Amino acid sequence: MIHVHLELKNVSKAVFRKVNNTRVRTQILNSLDLKVNKGELVSIMGASGSGKSTLLRLINRLSEIDSGTILLNGNDIRSHVPMELRRKIGMVFQVPVVFKGSVRDNLAFGINLCGGNTGIETLSRDVGIPEDLLDADAGQLSIGEKQRVCIARALANQPEILLLDEPTSSLDALSAERIEKLLLGLQKKRDLTILWVTHEKEQVERIGGRRLILRDGRLEDYNA
Amino acid sequence: MLEALALALTVFLVILSAAYAQRFGIGKEILMAGTRALVQILILASIILILFEKPLFWSFLVLVAMAAIAGYTTYSRSGKLEMGFPVAIISIAVASLLLLIPFFLMGIFPLEARYIVPTGSILIGNAMNVSSLAIDRYKGEIQNRRSEVEAYLALGAKPELAAAACLKQGILSALIPSIDNMKNLGIVWIPGVMTGMLLGGADPMEAASIQIAIFTSIFVAGMIASSLVLHYSTDSFFTKAAQLREDME
């Protein structure tokens, strides 16, 4: 039986942008609908400023929808405590942000937050962080390594859904490919539902899954 | 006669500095600030003179008024945050009062308007300065570290935890001048109370003891007030759904 994991119904969102020191209201998402099944991989393409990141922020509830409904397992996300919702819906940003301290401190943060029992070593192995890097200063890592730390930190919460906001766009081709493989492997291993935002056609081809494009505030099927 | 000479010197220095500063385009501003300071201090002296004749209740009322004005100044510096006004007044008043009480409980000063108003005003004024610096820096840190704060939130951290590093930086930055002053106390400068007591003919050891007690009280009051202001302002930066407010840019 198909389990609809995430559903967006009639979602609209406008943002304010500064133009010549005046705040201008721009409609980003317009009556958007989306259904994502459990364990599904959905890639979302779109031009810059089309609202891809905004869409993910609404699902993680870092931003609020103007109208419509977002359902997680059939329940309105607004009925969840925001902090608990965000632990179920992990998010990896375009530019990796590591917290002050060692790699181990960063990974322990997620584990301590959710009171989970995932070991730091297991987590680091899953995302390909070598053990000898665990006690290194996280701020000194390469961008690719930082992104791995961010992915591991998000996974420490044992999320049901992972939102990926162009996670490889700041990486070189080789590191990007490694992170892609890592994420696809994790999706299969953990049966994760993934929404992967990207602006690269080639990446969409590589990662597979259902392909959508965000255009004029709505999602359409994308056929390369 | 002495008062007239001191006031004449002040007027002369204000006019001289304003005339000199005119070449930097701030002559008028200095003239205004100097005139305001002169008028305000004379009004204060008159109020204290009246307070000497009134019951102590009036002295505390003057301190409450000072705390309210100080709170408003800090509140304005915060960009008029929601709930920021009562938070700033209460924080500054509580911290200053907490540090004022021991001076009278321990008998360092007699419970008279002559001691209550100046000591209280020093504590309130410094608590205001530190709190204003701290809230300004705290807000700036949150704006500049928006992606870090949101990375914490996205993991399911509470707003207090997400903003903790910014809060710490805010307090630290605001306390740096006080810490530096404390380190250099008596080496680079002789602070106001001690100077005043020495000029008044007091024993240097007595003047130094009272000065250090007041100095550390000022520091502690500033630290408590700024911690309270920042702690209770955190909610103003976030929505009820624990989102960093979009107008925090």
# chains A, B, ... in the order shown; residues from 1 in each chain; ligands from 1
call {"tool": "residues_around", "arguments": {"residues": "Ser53 of chain A", "least_positions_apart": "5", "cutoff": "9 Å", "atoms": "only C-alpha atoms", "output": "ChimeraX atom specification"}}
result
/A:58,93,165-166,197
call {"tool": "write_last_selection", "arguments": {"atoms": "N, CA and C atoms", "output": "PDB file, in the first residue's frame"}}
result
ATOM      1  N   LEU A  58       9.625  25.949   3.980  1.00  0.00           N
ATOM      2  CA  LEU A  58       8.237  25.853   4.444  1.00  0.00           C
ATOM      3  C   LEU A  58       7.962  24.457   5.014  1.00  0.00           C
ATOM      4  N   PHE A  93      21.764  22.408   4.006  1.00  0.00           N
ATOM      5  CA  PHE A  93      21.773  23.667   3.261  1.00  0.00           C
ATOM      6  C   PHE A  93      22.842  23.672   2.169  1.00  0.00           C
ATOM      7  N   ASP A 165      19.036  21.157   0.021  1.00  0.00           N
ATOM      8  CA  ASP A 165      18.978  22.424  -0.714  1.00  0.00           C
ATOM      9  C   ASP A 165      20.300  22.636  -1.454  1.00  0.00           C
ATOM     10  N   GLU A 166      20.368  22.121  -2.648  1.00  0.00           N
ATOM     11  CA  GLU A 166      21.577  22.196  -3.468  1.00  0.00           C
ATOM     12  C   GLU A 166      22.821  21.827  -2.650  1.00  0.00           C
ATOM     13  N   VAL A 197      16.721  19.561  -4.035  1.00  0.00           N
ATOM     14  CA  VAL A 197      16.658  20.765  -4.867  1.00  0.00           C
ATOM     15  C   VAL A 197      17.989  20.967  -5.573  1.00  0.00           C
TER      16      VAL A 197
END
call {"tool": "interface_residues", "arguments": {"of": "chain B", "to": "chain A", "cutoff": "10 Å", "atoms": "only C-alpha atoms", "output": "ChimeraX atom specification"}}
result
/B:147-159,165,239-247
call {"tool": "write_last_selection", "arguments": {"atoms": "C-alpha atoms", "output": "PDB file, in the first residue's frame"}}
result
ATOM      1  CA  SER B 147      22.619  30.945   8.563  1.00  0.00           C
ATOM      2  CA  GLU B 148      24.228  29.527  11.721  1.00  0.00           C
ATOM      3  CA  VAL B 149      21.161  30.296  13.845  1.00  0.00           C
ATOM      4  CA  GLU B 150      18.912  28.688  11.229  1.00  0.00           C
ATOM      5  CA  ALA B 151      21.197  25.653  11.007  1.00  0.00           C
ATOM      6  CA  TYR B 152      20.592  25.126  14.740  1.00  0.00           C
ATOM      7  CA  LEU B 153      16.836  25.646  14.333  1.00  0.00           C
ATOM      8  CA  ALA B 154      16.690  23.256  11.363  1.00  0.00           C
ATOM      9  CA  LEU B 155      18.118  20.526  13.590  1.00  0.00           C
ATOM     10  CA  GLY B 156      15.344  21.061  16.126  1.00  0.00           C
ATOM     11  CA  ALA B 157      17.201  23.266  18.597  1.00  0.00           C
ATOM     12  CA  LYS B 158      15.192  25.717  20.676  1.00  0.00           C
ATOM     13  CA  PRO B 159      15.661  29.435  19.864  1.00  0.00           C
ATOM     14  CA  ALA B 165      26.621  31.861  20.808  1.00  0.00           C
ATOM     15  CA  THR B 239       8.227  33.910  15.983  1.00  0.00           C
ATOM     16  CA  LYS B 240       5.983  31.691  18.089  1.00  0.00           C
ATOM     17  CA  ALA B 241       6.813  28.818  15.715  1.00  0.00           C
ATOM     18  CA  ALA B 242      10.516  29.196  16.592  1.00  0.00           C
ATOM     19  CA  GLN B 243      11.383  30.827  13.255  1.00  0.00           C
ATOM     20  CA  LEU B 244      13.950  33.588  13.026  1.00  0.00           C
ATOM     21  CA  ARG B 245      11.890  36.661  12.168  1.00  0.00           C
ATOM     22  CA  GLU B 246      12.119  37.656   8.520  1.00  0.00           C
ATOM     23  CA  ASP B 247      12.506  41.340   9.404  1.00  0.00           C
TER      24      ASP B 247
END
call {"tool": "select_by_dssp", "arguments": {"residues": "segment 13-178 of chain B", "states": "helix (DSSP H, G or I)", "output": "ChimeraX atom specification"}}
result
/B:13-24,27-51,56-77,84-105,113-144,146-154,159-162,164-178
call {"tool": "closest_residue", "arguments": {"among": "A:Gln147, A:Ser31, A:Thr26, A:Asn73", "to": "Ser12 of chain A", "atoms": "only C-alpha atoms"}}
result
A:Ser31
call {"tool": "atom_distance", "arguments": {"atom1": "atom CA of Ser43 of chain A", "atom2": "atom CA of Asp191 of chain A"}}
result
16.2 Å
call {"tool": "residues_around", "arguments": {"residues": "Ile224 of chain B", "least_positions_apart": "4", "cutoff": "9 Å", "atoms": "only C-alpha atoms", "output": "PDB file with C-alpha atoms, in the first residue's frame"}}
result
ATOM      1  CA  SER B  91      16.590  44.454  34.129  1.00  0.00           C
ATOM      2  CA  ILE B  92      18.419  47.730  34.756  1.00  0.00           C
ATOM      3  CA  VAL B  94      16.738  45.064  39.420  1.00  0.00           C
ATOM      4  CA  ALA B  95      20.490  44.825  38.751  1.00  0.00           C
ATOM      5  CA  SER B  96      21.168  48.334  40.081  1.00  0.00           C
ATOM      6  CA  ALA B 127      23.999  49.207  33.624  1.00  0.00           C
ATOM      7  CA  PHE B 219      30.718  45.894  36.790  1.00  0.00           C
ATOM      8  CA  VAL B 220      28.444  43.314  38.394  1.00  0.00           C
ATOM      9  CA  LEU B 228      18.778  39.836  31.857  1.00  0.00           C
ATOM     10  CA  VAL B 229      18.092  42.169  28.922  1.00  0.00           C
TER      11      VAL B 229
END
call {"tool": "select_by_dssp", "arguments": {"residues": "segment 76-196 of chain A", "states": "strand (DSSP E)", "output": "list of chain:residue names"}}
result
A:Asp76, A:Ile89, A:Gly90, A:Met91, A:Val92, A:Ile161, A:Leu162, A:Leu163, A:Leu164, A:Asp165, A:Thr193, A:Ile194, A:Leu195, A:Trp196
call {"tool": "residues_around", "arguments": {"residues": "Pro118 of chain B", "least_positions_apart": "2", "cutoff": "12 Å", "atoms": "only C-alpha atoms", "output": "list in words"}}
result
Ile41, Leu44, Ala45, Ile47, Ile48, Leu51, Ser59, Phe60, Val62, Leu63, Met66, Leu100, Phe109, Glu112, Ala113, Arg114, Tyr115, Ile116, Gly120, Ser121, Ile122, Leu123, Ile124, Gly125, Gly192, Val193 and Ile214 of chain B
